[in-house]
Amino acid sequence: MEQSRIAHSIGIALDRFIKNNQEQFQYASGELSQLLRDIALASKVVNREVNKAGLIDIMGAMGSQNSGGDSQQKLDVLANIRFTRALSKGGEVCALISEETESYVDLNNDGKYVIAIDPLDGSSNIDVNVSIGTIFSIYRRKSPEGTPIQQQDILQKGTEQVAAGYILYGSSTMLVYTTGHGVNGFTYEPSLGEYFLSHPDLKMPDDGKIFSVNEGQALSFAPSVTSYLTYCKQNGYTARYIGSLVADFHRNMLKGGIYIYPATAKDKNGKLRLMYECNALAFIAEQAGGLATDGKNRIMDIVPTTLHQRVPFYVGSKKMVEKAGSS
Ligand code: AHM
Ligand code: MG
């Protein structure tokens, strides 16, 4: 009782929260906790880079290098470097799948966990000072530790995730994650350099009035998508689309809404990637009482066949996703 009261008190620091809740993990050896801390630490570094993004040209013009000796680089590449470094130093991760690399990266063969990550999502918003995000999924490896990574470790379906989360670099920076026991959101306090619990046990409204879709592609949507969007408009729904998946998802989770990236003429399987964009948000959505499908099937049941596989994505309030799927 006391434990759960502490674990859910608003204002508790992320590190303490992770420690207090460690016994909820199926394998409570502390490595998953450390891994989550590594991700949080890397996200603080990325947050710092994101916050000075507009200064990069100025600093570049001054010929400056950052503390690691790297010359200034594009933010998404930089974010990939930051997360890869943090995860390889920690030692808990045996393989890393990233949007930024064609193949997976072997890290520590003795590590128990596989990570799929989109280090900085929302590429069209990076240079224009609009919210962007990091998305991650954590899996436990199937093959024995200390042996080379195998396909079965890499291509796991979403139901196998042991944890997933995202970082939203927005008007404030937030880290939201689940280990399969509900969803908790933490807000970053920059002057203290720490995340604090601000959104305990997040629940997505069952129904909502916001739809988020790129209607610029509407002429090539399937009739089912068009008819659902017509239904939304006829019923006084409101359109909100930032073009950063994490930001659109986060708003809809708090307010009630649906995000759709359907198949289009340009992207026959939709645009978004199953392994490091959709699965993590599907896990969080379900843990918060929402739903995620490809229009028909549950996202987390899809067996991946390639690392960068795309999938149509419908995610958000349960009733809205069900209605869109049956339109
Ligand atoms: P990215 O991985 O190149 O950043 O693309 C993913 C992003 C999502 O964040 C966003 O929801 C979607 O692409 C927007 O796509 P579009 O510009 O086609 O609407
Ligand atoms: Mg992306």
# chains A, B, ... in the order shown; residues from 1 in each chain; ligands from 1

call {"tool": "residues_around", "arguments": {"residues": "A:Asn235", "least_positions_apart": "5", "cutoff": "10 Å", "atoms": "only C-alpha atoms", "output": "PyMOL selection string"}}
result
chain A and resi 209+229-230

call {"tool": "write_last_selection", "arguments": {"atoms": "N, CA and C atoms", "output": "PDB file, in the first residue's frame"}}
result
ATOM      1  N   LYS A 209     -12.941  13.521 -30.070  1.00  0.00           N
ATOM      2  CA  LYS A 209     -13.478  14.321 -31.183  1.00  0.00           C
ATOM      3  C   LYS A 209     -12.365  14.887 -32.049  1.00  0.00           C
ATOM      4  N   LEU A 229     -13.642   9.708 -42.410  1.00  0.00           N
ATOM      5  CA  LEU A 229     -13.345  11.144 -42.269  1.00  0.00           C
ATOM      6  C   LEU A 229     -14.602  11.983 -42.525  1.00  0.00           C
ATOM      7  N   THR A 230     -15.429  11.523 -43.442  1.00  0.00           N
ATOM      8  CA  THR A 230     -16.707  12.212 -43.690  1.00  0.00           C
ATOM      9  C   THR A 230     -17.569  12.147 -42.423  1.00  0.00           C
TER      10      THR A 230
END

call {"tool": "residues_near_ligand", "arguments": {"ligand": "ligand 1", "cutoff": "10 Å", "atoms": "only C-alpha atoms and all ligand atoms", "output": "ChimeraX atom specification"}}
result
/A:76,99-100,118-126,131-135,212-217,241-249,259-261,264,266-267,270-273,276-277,313

call {"tool": "residues_around", "arguments": {"residues": "stretch 315-326 of chain A", "least_positions_apart": "3", "cutoff": "10 Å", "atoms": "only C-alpha atoms", "output": "short mmCIF file (atom, residue, chain, number, x, y, z; two decimals) with N, CA and C atoms, in the first residue's frame"}}
result
data_model
loop_
_atom_site.label_atom_id
_atom_site.label_comp_id
_atom_site.auth_asym_id
_atom_site.auth_seq_id
_atom_site.Cartn_x
_atom_site.Cartn_y
_atom_site.Cartn_z
N LYS A 203 -4.53 7.51 -18.71
CA LYS A 203 -5.61 6.78 -19.37
C LYS A 203 -6.10 7.60 -20.56
N MET A 204 -6.28 6.92 -21.68
CA MET A 204 -6.76 7.59 -22.88
C MET A 204 -8.30 7.60 -22.84
N PRO A 205 -8.94 8.74 -23.09
CA PRO A 205 -10.40 8.70 -23.12
C PRO A 205 -10.89 7.64 -24.11
N ASP A 206 -11.96 6.97 -23.77
CA ASP A 206 -12.52 5.90 -24.60
C ASP A 206 -12.96 6.39 -25.97
N ASP A 207 -13.36 7.64 -25.99
CA ASP A 207 -13.88 8.23 -27.23
C ASP A 207 -13.36 9.67 -27.31
N GLY A 208 -13.42 10.27 -28.48
CA GLY A 208 -12.92 11.64 -28.58
C GLY A 208 -13.45 12.32 -29.81
N LYS A 209 -12.94 13.52 -30.07
CA LYS A 209 -13.48 14.32 -31.18
C LYS A 209 -12.37 14.89 -32.05
N ILE A 210 -11.16 14.35 -31.90
CA ILE A 210 -10.04 14.88 -32.69
C ILE A 210 -9.60 13.81 -33.70
N PHE A 211 -9.44 14.20 -34.95
CA PHE A 211 -8.84 13.26 -35.91
C PHE A 211 -7.59 13.88 -36.49
N SER A 212 -6.56 13.05 -36.62
CA SER A 212 -5.24 13.51 -37.08
C SER A 212 -4.82 12.67 -38.26
N SER A 224 -12.90 3.34 -47.30
CA SER A 224 -13.22 3.20 -45.86
C SER A 224 -12.66 4.39 -45.06
N VAL A 225 -11.46 4.86 -45.43
CA VAL A 225 -10.86 5.99 -44.71
C VAL A 225 -11.65 7.26 -45.03
N THR A 226 -11.95 7.44 -46.32
CA THR A 226 -12.71 8.62 -46.74
C THR A 226 -14.06 8.66 -46.02
N SER A 227 -14.71 7.51 -45.93
CA SER A 227 -16.04 7.54 -45.32
C SER A 227 -15.92 7.79 -43.81
N TYR A 228 -14.87 7.31 -43.16
CA TYR A 228 -14.70 7.62 -41.73
C TYR A 228 -14.44 9.12 -41.54
N LEU A 229 -13.64 9.71 -42.41
CA LEU A 229 -13.35 11.14 -42.27
C LEU A 229 -14.60 11.98 -42.53
N TYR A 231 -17.60 10.97 -41.81
CA TYR A 231 -18.35 10.80 -40.56
C TYR A 231 -17.85 11.81 -39.50
N CYS A 232 -16.52 11.92 -39.40
CA CYS A 232 -15.94 12.86 -38.41
C CYS A 232 -16.42 14.28 -38.67
N ASP A 248 1.34 14.23 -32.13
CA ASP A 248 -0.06 13.96 -32.46
C ASP A 248 -0.64 12.88 -31.55
N PHE A 249 0.17 11.85 -31.31
CA PHE A 249 -0.28 10.74 -30.45
C PHE A 249 -0.52 11.24 -29.02
N HIS A 250 0.44 12.01 -28.51
CA HIS A 250 0.39 12.46 -27.12
C HIS A 250 -0.86 13.32 -26.87
N ARG A 251 -1.10 14.25 -27.80
CA ARG A 251 -2.30 15.09 -27.66
C ARG A 251 -3.55 14.23 -27.65
N ASN A 252 -3.62 13.28 -28.58
CA ASN A 252 -4.83 12.46 -28.66
C ASN A 252 -4.98 11.57 -27.42
N MET A 253 -3.85 11.15 -26.87
CA MET A 253 -3.95 10.32 -25.65
C MET A 253 -4.53 11.14 -24.50
N LEU A 254 -4.11 12.39 -24.40
CA LEU A 254 -4.60 13.21 -23.28
C LEU A 254 -6.04 13.69 -23.51
N LYS A 255 -6.36 14.01 -24.75
CA LYS A 255 -7.66 14.65 -25.00
C LYS A 255 -8.72 13.72 -25.59
N GLY A 256 -8.29 12.59 -26.14
CA GLY A 256 -9.22 11.71 -26.85
C GLY A 256 -9.20 12.02 -28.32
N GLY A 257 -8.76 11.07 -29.14
CA GLY A 257 -8.67 11.31 -30.57
C GLY A 257 -8.11 10.11 -31.30
N ILE A 258 -8.00 10.25 -32.61
CA ILE A 258 -7.46 9.16 -33.42
C ILE A 258 -6.41 9.73 -34.37
N TYR A 259 -5.32 8.98 -34.52
CA TYR A 259 -4.29 9.30 -35.52
C TYR A 259 -4.35 8.20 -36.57
N ILE A 260 -4.40 8.62 -37.85
CA ILE A 260 -4.42 7.62 -38.93
C ILE A 260 -3.33 7.95 -39.94
N TYR A 261 -2.48 6.98 -40.24
CA TYR A 261 -1.63 7.08 -41.44
C TYR A 261 -1.94 5.86 -42.29
N CYS A 278 5.42 2.22 -34.73
CA CYS A 278 4.05 1.79 -34.41
C CYS A 278 3.95 0.90 -33.17
N LEU A 281 4.04 2.76 -29.74
CA LEU A 281 2.85 3.56 -29.46
C LEU A 281 1.62 2.68 -29.30
N ALA A 282 1.61 1.54 -29.99
CA ALA A 282 0.51 0.59 -29.83
C ALA A 282 0.50 0.03 -28.40
N ILE A 284 1.74 1.44 -25.70
CA ILE A 284 1.34 2.51 -24.79
C ILE A 284 -0.17 2.77 -24.89
N ALA A 285 -0.65 2.82 -26.14
CA ALA A 285 -2.09 3.07 -26.34
C ALA A 285 -2.90 2.00 -25.61
N GLU A 286 -2.55 0.74 -25.81
CA GLU A 286 -3.33 -0.34 -25.17
C GLU A 286 -3.23 -0.27 -23.65
N ALA A 288 -2.96 2.29 -21.98
CA ALA A 288 -3.74 3.45 -21.50
C ALA A 288 -5.23 3.28 -21.82
N GLY A 289 -5.61 2.09 -22.32
CA GLY A 289 -7.02 1.83 -22.61
C GLY A 289 -7.42 2.13 -24.04
N GLY A 290 -6.47 2.49 -24.89
CA GLY A 290 -6.75 2.76 -26.30
C GLY A 290 -6.52 1.54 -27.17
N LEU A 291 -6.39 1.79 -28.46
CA LEU A 291 -6.28 0.69 -29.41
C LEU A 291 -5.36 1.09 -30.56
N ALA A 292 -4.72 0.11 -31.19
CA ALA A 292 -3.89 0.38 -32.37
C ALA A 292 -4.04 -0.77 -33.35
N THR A 293 -4.41 -0.43 -34.59
CA THR A 293 -4.59 -1.45 -35.62
C THR A 293 -3.97 -0.97 -36.94
N ASP A 294 -3.96 -1.87 -37.91
CA ASP A 294 -3.57 -1.45 -39.26
C ASP A 294 -4.83 -1.17 -40.09
N GLY A 295 -5.93 -0.95 -39.39
CA GLY A 295 -7.22 -0.75 -40.05
C GLY A 295 -8.11 -1.96 -39.78
N LYS A 296 -7.45 -3.12 -39.61
CA LYS A 296 -8.20 -4.35 -39.33
C LYS A 296 -7.58 -5.13 -38.18
N ASN A 297 -6.26 -5.38 -38.31
CA ASN A 297 -5.59 -6.25 -37.34
C ASN A 297 -4.87 -5.45 -36.27
N ILE A 299 -2.03 -4.11 -34.22
CA ILE A 299 -0.63 -3.84 -34.60
C ILE A 299 0.33 -4.81 -33.91
#

call {"tool": "select_by_dssp", "arguments": {"residues": "stretch 64-255 of chain A", "states": "alpha helix (DSSP H)", "output": "ChimeraX atom specification"}}
result
/A:75-90,123-126,151-154,223-234,245-255

call {"tool": "atom_distance", "arguments": {"atom1": "atom CA of A:Thr147", "atom2": "atom CA of A:Ala164"}}
result
24.8 Å

call {"tool": "closest_atom_pairs", "arguments": {"of": "stretch 162-260 of chain A", "to": "stretch 34-51 of chain A", "cutoff": "12 Å", "atoms": "only C-alpha atoms", "output": "tab-separated table"}}
result
residue	atom	partner	partner_atom	distance
A:Val162	CA	A:Leu36	CA	11.3
A:Ala163	CA	A:Leu36	CA	8.8
A:Ala164	CA	A:Leu36	CA	9.5
A:Gly165	CA	A:Leu36	CA	9.4
A:Tyr166	CA	A:Ser43	CA	9.7
A:Ile167	CA	A:Ser43	CA	7.2
A:Leu168	CA	A:Asn47	CA	9.3
A:Tyr169	CA	A:Asn47	CA	6.7
A:Gly170	CA	A:Asn47	CA	9.8
A:Ser171	CA	A:Asn51	CA	10.6
A:Ser172	CA	A:Asn47	CA	10.0
A:Thr173	CA	A:Asn47	CA	7.5
A:Met174	CA	A:Ser43	CA	9.7
A:Leu175	CA	A:Ala40	CA	7.7
A:Val176	CA	A:Ala40	CA	10.3
A:Tyr177	CA	A:Leu36	CA	9.2
A:Thr178	CA	A:Leu36	CA	10.4
A:Thr179	CA	A:Leu36	CA	10.1
A:Phe186	CA	A:Ala40	CA	10.4
A:Thr187	CA	A:Ala40	CA	11.3
A:Tyr188	CA	A:Lys44	CA	8.4
A:Glu189	CA	A:Lys44	CA	10.2
A:Pro190	CA	A:Lys44	CA	8.8
A:Ser191	CA	A:Arg48	CA	11.7
A:Leu192	CA	A:Lys44	CA	11.3
A:Gly193	CA	A:Lys44	CA	7.5
A:Glu194	CA	A:Lys44	CA	8.4
A:Tyr195	CA	A:Ala40	CA	8.3
A:Phe196	CA	A:Ala40	CA	11.5

call {"tool": "atom_distance", "arguments": {"atom1": "atom CA of A:Arg141", "atom2": "atom CA of A:Leu202"}}
result
28.3 Å

call {"tool": "atom_distance", "arguments": {"atom1": "atom CA of A:Val303", "atom2": "atom CA of A:Lys157"}}
result
5.0 Å

call {"tool": "select_by_dssp", "arguments": {"residues": "stretch 27-230 of chain A", "states": "strand (DSSP E)", "output": "ChimeraX atom specification"}}
result
/A:93-98,105-106,113-121,132-140,161-169,173-178,183-189,194-199,210-212

call {"tool": "residues_around", "arguments": {"residues": "A:Arg85", "least_positions_apart": "4", "cutoff": "10 Å", "atoms": "only C-alpha atoms", "output": "list in words"}}
result
Asp38, Ala42, Ala79, Asn80, Ile81, Lys89, Gly90 and Leu107 of chain A

call {"tool": "write_last_selection", "arguments": {"atoms": "N, CA and C atoms", "output": "PDB file, in the first residue's frame"}}
result
ATOM      1  N   ASP A  38      19.400   4.681 -18.827  1.00  0.00           N
ATOM      2  CA  ASP A  38      20.315   5.046 -19.926  1.00  0.00           C
ATOM      3  C   ASP A  38      19.565   5.849 -20.995  1.00  0.00           C
ATOM      4  N   ALA A  42      20.310   9.701 -22.151  1.00  0.00           N
ATOM      5  CA  ALA A  42      20.573  10.094 -23.546  1.00  0.00           C
ATOM      6  C   ALA A  42      19.555  11.134 -24.000  1.00  0.00           C
ATOM      7  N   ALA A  79      21.186  12.543 -32.736  1.00  0.00           N
ATOM      8  CA  ALA A  79      20.373  11.810 -31.762  1.00  0.00           C
ATOM      9  C   ALA A  79      20.687  10.319 -31.828  1.00  0.00           C
ATOM     10  N   ASN A  80      20.868   9.823 -33.047  1.00  0.00           N
ATOM     11  CA  ASN A  80      21.201   8.406 -33.202  1.00  0.00           C
ATOM     12  C   ASN A  80      22.528   8.093 -32.519  1.00  0.00           C
ATOM     13  N   ILE A  81      23.485   8.988 -32.708  1.00  0.00           N
ATOM     14  CA  ILE A  81      24.803   8.783 -32.073  1.00  0.00           C
ATOM     15  C   ILE A  81      24.656   8.794 -30.549  1.00  0.00           C
ATOM     16  N   LYS A  89      27.276   1.812 -23.976  1.00  0.00           N
ATOM     17  CA  LYS A  89      28.042   1.940 -22.724  1.00  0.00           C
ATOM     18  C   LYS A  89      27.378   1.168 -21.593  1.00  0.00           C
ATOM     19  N   GLY A  90      26.051   1.201 -21.555  1.00  0.00           N
ATOM     20  CA  GLY A  90      25.326   0.543 -20.460  1.00  0.00           C
ATOM     21  C   GLY A  90      25.549  -0.966 -20.419  1.00  0.00           C
ATOM     22  N   LEU A 107      25.632  -4.817 -30.307  1.00  0.00           N
ATOM     23  CA  LEU A 107      26.273  -4.080 -29.213  1.00  0.00           C
ATOM     24  C   LEU A 107      27.011  -5.064 -28.293  1.00  0.00           C
TER      25      LEU A 107
END

call {"tool": "closest_residue", "arguments": {"among": "A:Ile117, A:Ile18, A:Ile302, A:Val183", "to": "ligand 2", "atoms": "only C-alpha atoms and all ligand atoms"}}
result
A:Ile117

call {"tool": "closest_residue", "arguments": {"among": "A:Glu102, A:Asn269, A:Ser327, A:Ala53", "to": "A:Pro223", "atoms": "only C-alpha atoms"}}
result
A:Ser327

call {"tool": "closest_residue", "arguments": {"among": "A:Met275, A:Val114, A:Leu32, A:Leu219", "to": "ligand 2", "atoms": "only C-alpha atoms and all ligand atoms"}}
result
A:Met275

call {"tool": "closest_residue", "arguments": {"among": "A:Ala263, A:Ile138, A:Ala116, A:Val128", "to": "ligand 2", "atoms": "only C-alpha atoms and all ligand atoms"}}
result
A:Ala116

call {"tool": "closest_residue", "arguments": {"among": "A:Pro200, A:His308, A:Ile154, A:Asp110", "to": "ligand 2", "atoms": "only C-alpha atoms and all ligand atoms"}}
result
A:His308

call {"tool": "residues_around", "arguments": {"residues": "A:Asn109", "least_positions_apart": "6", "cutoff": "9 Å", "atoms": "only C-alpha atoms", "output": "PDB file with N, CA, C and O atoms, in the first residue's frame"}}
result
ATOM      1  N   GLY A  91      25.695  -1.598 -21.596  1.00  0.00           N
ATOM      2  CA  GLY A  91      25.975  -3.035 -21.645  1.00  0.00           C
ATOM      3  C   GLY A  91      24.763  -3.948 -21.575  1.00  0.00           C
ATOM      4  O   GLY A  91      24.880  -5.161 -21.710  1.00  0.00           O
ATOM      5  N   VAL A  93      22.254  -3.978 -23.675  1.00  0.00           N
ATOM      6  CA  VAL A  93      21.636  -4.172 -24.985  1.00  0.00           C
ATOM      7  C   VAL A  93      22.541  -4.992 -25.905  1.00  0.00           C
ATOM      8  O   VAL A  93      23.726  -4.691 -26.049  1.00  0.00           O
ATOM      9  N   CYS A  94      21.981  -6.039 -26.501  1.00  0.00           N
ATOM     10  CA  CYS A  94      22.783  -6.862 -27.418  1.00  0.00           C
ATOM     11  C   CYS A  94      22.626  -6.393 -28.866  1.00  0.00           C
ATOM     12  O   CYS A  94      23.541  -6.558 -29.666  1.00  0.00           O
ATOM     13  N   ALA A  95      21.490  -5.818 -29.196  1.00  0.00           N
ATOM     14  CA  ALA A  95      21.298  -5.372 -30.582  1.00  0.00           C
ATOM     15  C   ALA A  95      20.390  -4.156 -30.626  1.00  0.00           C
ATOM     16  O   ALA A  95      19.434  -4.063 -29.844  1.00  0.00           O
ATOM     17  N   GLU A 145      22.165 -15.617 -23.757  1.00  0.00           N
ATOM     18  CA  GLU A 145      23.160 -14.532 -23.655  1.00  0.00           C
ATOM     19  C   GLU A 145      24.548 -15.066 -23.964  1.00  0.00           C
ATOM     20  O   GLU A 145      24.837 -16.239 -23.709  1.00  0.00           O
ATOM     21  N   GLY A 146      25.367 -14.217 -24.544  1.00  0.00           N
ATOM     22  CA  GLY A 146      26.743 -14.619 -24.834  1.00  0.00           C
ATOM     23  C   GLY A 146      26.893 -15.277 -26.190  1.00  0.00           C
ATOM     24  O   GLY A 146      28.006 -15.581 -26.625  1.00  0.00           O
ATOM     25  N   THR A 147      25.773 -15.499 -26.884  1.00  0.00           N
ATOM     26  CA  THR A 147      25.841 -16.095 -28.226  1.00  0.00           C
ATOM     27  C   THR A 147      25.515 -15.005 -29.258  1.00  0.00           C
ATOM     28  O   THR A 147      24.947 -13.963 -28.894  1.00  0.00           O
ATOM     29  N   PRO A 148      25.871 -15.241 -30.517  1.00  0.00           N
ATOM     30  CA  PRO A 148      25.553 -14.211 -31.531  1.00  0.00           C
ATOM     31  C   PRO A 148      24.045 -13.995 -31.676  1.00  0.00           C
ATOM     32  O   PRO A 148      23.262 -14.919 -31.469  1.00  0.00           O
ATOM     33  N   ILE A 149      23.701 -12.796 -32.039  1.00  0.00           N
ATOM     34  CA  ILE A 149      22.285 -12.433 -32.235  1.00  0.00           C
ATOM     35  C   ILE A 149      21.695 -13.212 -33.406  1.00  0.00           C
ATOM     36  O   ILE A 149      22.358 -13.431 -34.412  1.00  0.00           O
TER      37      ILE A 149
END

call {"tool": "closest_residue", "arguments": {"among": "A:Met300, A:His181, A:Glu160, A:Gly236", "to": "A:Asn21", "atoms": "only C-alpha atoms"}}
result
A:His181

call {"tool": "decode", "arguments": {"residues": "stretch 64-164 of chain A", "atoms": "C-alpha atoms", "output": "CSV table (one decimal), in the first residue's frame"}}
result
chain,number,residue,atom,x,y,z
A,64,SER,CA,33.0,25.1,-33.1
A,65,GLN,CA,32.9,21.4,-32.1
A,66,ASN,CA,30.8,20.0,-29.3
A,67,SER,CA,32.3,18.5,-26.1
A,68,GLY,CA,32.7,15.0,-27.7
A,69,GLY,CA,34.7,16.5,-30.5
A,70,ASP,CA,32.0,15.9,-33.1
A,71,SER,CA,31.6,18.5,-35.7
A,72,GLN,CA,28.1,19.9,-35.9
A,73,GLN,CA,25.7,17.4,-37.5
A,74,LYS,CA,22.1,17.1,-38.4
A,75,LEU,CA,20.0,16.6,-35.3
A,76,ASP,CA,18.6,13.2,-36.3
A,77,VAL,CA,22.0,11.8,-37.0
A,78,LEU,CA,23.3,13.3,-33.7
A,79,ALA,CA,20.4,11.8,-31.8
A,80,ASN,CA,21.2,8.4,-33.2
A,81,ILE,CA,24.8,8.8,-32.1
A,82,ARG,CA,23.7,9.9,-28.6
A,83,PHE,CA,21.3,7.0,-28.0
A,84,THR,CA,23.7,4.4,-29.6
A,85,ARG,CA,26.5,5.6,-27.3
A,86,ALA,CA,24.4,5.5,-24.2
A,87,LEU,CA,23.0,2.1,-24.9
A,88,SER,CA,26.3,0.5,-25.8
A,89,LYS,CA,28.0,1.9,-22.7
A,90,GLY,CA,25.3,0.5,-20.5
A,91,GLY,CA,26.0,-3.0,-21.6
A,92,GLU,CA,22.4,-4.3,-21.2
A,93,VAL,CA,21.6,-4.2,-25.0
A,94,CYS,CA,22.8,-6.9,-27.4
A,95,ALA,CA,21.3,-5.4,-30.6
A,96,LEU,CA,19.9,-2.0,-31.7
A,97,ILE,CA,17.5,-1.5,-34.5
A,98,SER,CA,17.3,2.2,-35.6
A,99,GLU,CA,15.6,4.2,-38.3
A,100,GLU,CA,19.0,5.7,-39.0
A,101,THR,CA,20.8,2.4,-39.8
A,102,GLU,CA,20.1,0.0,-42.6
A,103,SER,CA,21.0,-3.2,-40.6
A,104,TYR,CA,20.8,-3.7,-36.9
A,105,VAL,CA,23.8,-2.8,-34.8
A,106,ASP,CA,25.5,-5.5,-32.6
A,107,LEU,CA,26.3,-4.1,-29.2
A,108,ASN,CA,27.1,-6.4,-26.3
A,109,ASN,CA,26.6,-10.1,-26.9
A,110,ASP,CA,26.1,-10.6,-23.2
A,111,GLY,CA,23.3,-8.1,-23.1
A,112,LYS,CA,19.7,-9.4,-22.5
A,113,TYR,CA,17.8,-6.8,-24.4
A,114,VAL,CA,17.1,-5.7,-28.0
A,115,ILE,CA,16.1,-2.1,-28.6
A,116,ALA,CA,14.2,-0.7,-31.6
A,117,ILE,CA,14.4,3.1,-31.7
A,118,ASP,CA,13.5,6.1,-33.9
A,119,PRO,CA,16.0,8.5,-32.3
A,120,LEU,CA,14.4,11.7,-33.7
A,121,ASP,CA,11.0,11.3,-35.3
A,122,GLY,CA,9.2,14.1,-37.2
A,123,SER,CA,12.0,15.0,-39.6
A,124,SER,CA,10.0,17.6,-41.4
A,125,ASN,CA,9.6,19.5,-38.1
A,126,ILE,CA,13.2,19.4,-36.9
A,127,ASP,CA,14.4,22.6,-38.7
A,128,VAL,CA,11.3,24.6,-38.0
A,129,ASN,CA,11.0,24.6,-34.3
A,130,VAL,CA,8.0,22.3,-34.0
A,131,SER,CA,7.6,19.4,-31.6
A,132,ILE,CA,9.6,16.2,-32.4
A,133,GLY,CA,10.1,13.0,-30.5
A,134,THR,CA,12.1,9.8,-29.8
A,135,ILE,CA,10.3,6.4,-29.9
A,136,PHE,CA,11.6,3.2,-28.4
A,137,SER,CA,10.6,-0.5,-27.9
A,138,ILE,CA,12.5,-2.9,-25.7
A,139,TYR,CA,12.5,-6.7,-26.2
A,140,ARG,CA,14.2,-9.5,-24.3
A,141,ARG,CA,16.4,-11.6,-26.5
A,142,LYS,CA,15.3,-15.1,-27.3
A,143,SER,CA,18.7,-16.7,-27.9
A,144,PRO,CA,21.0,-17.4,-24.9
A,145,GLU,CA,23.2,-14.5,-23.7
A,146,GLY,CA,26.7,-14.6,-24.8
A,147,THR,CA,25.8,-16.1,-28.2
A,148,PRO,CA,25.6,-14.2,-31.5
A,149,ILE,CA,22.3,-12.4,-32.2
A,150,GLN,CA,19.8,-14.3,-34.3
A,151,GLN,CA,16.8,-13.4,-36.5
A,152,GLN,CA,14.4,-14.5,-33.7
A,153,ASP,CA,15.9,-11.9,-31.4
A,154,ILE,CA,15.5,-9.1,-33.9
A,155,LEU,CA,12.1,-9.7,-35.6
A,156,GLN,CA,9.8,-10.0,-32.6
A,157,LYS,CA,6.2,-8.9,-32.7
A,158,GLY,CA,4.9,-6.1,-30.6
A,159,THR,CA,3.3,-8.4,-28.0
A,160,GLU,CA,6.8,-9.4,-27.0
A,161,GLN,CA,7.8,-5.9,-25.9
A,162,VAL,CA,8.8,-5.7,-22.2
A,163,ALA,CA,8.8,-1.9,-22.2
A,164,ALA,CA,8.2,1.0,-24.6
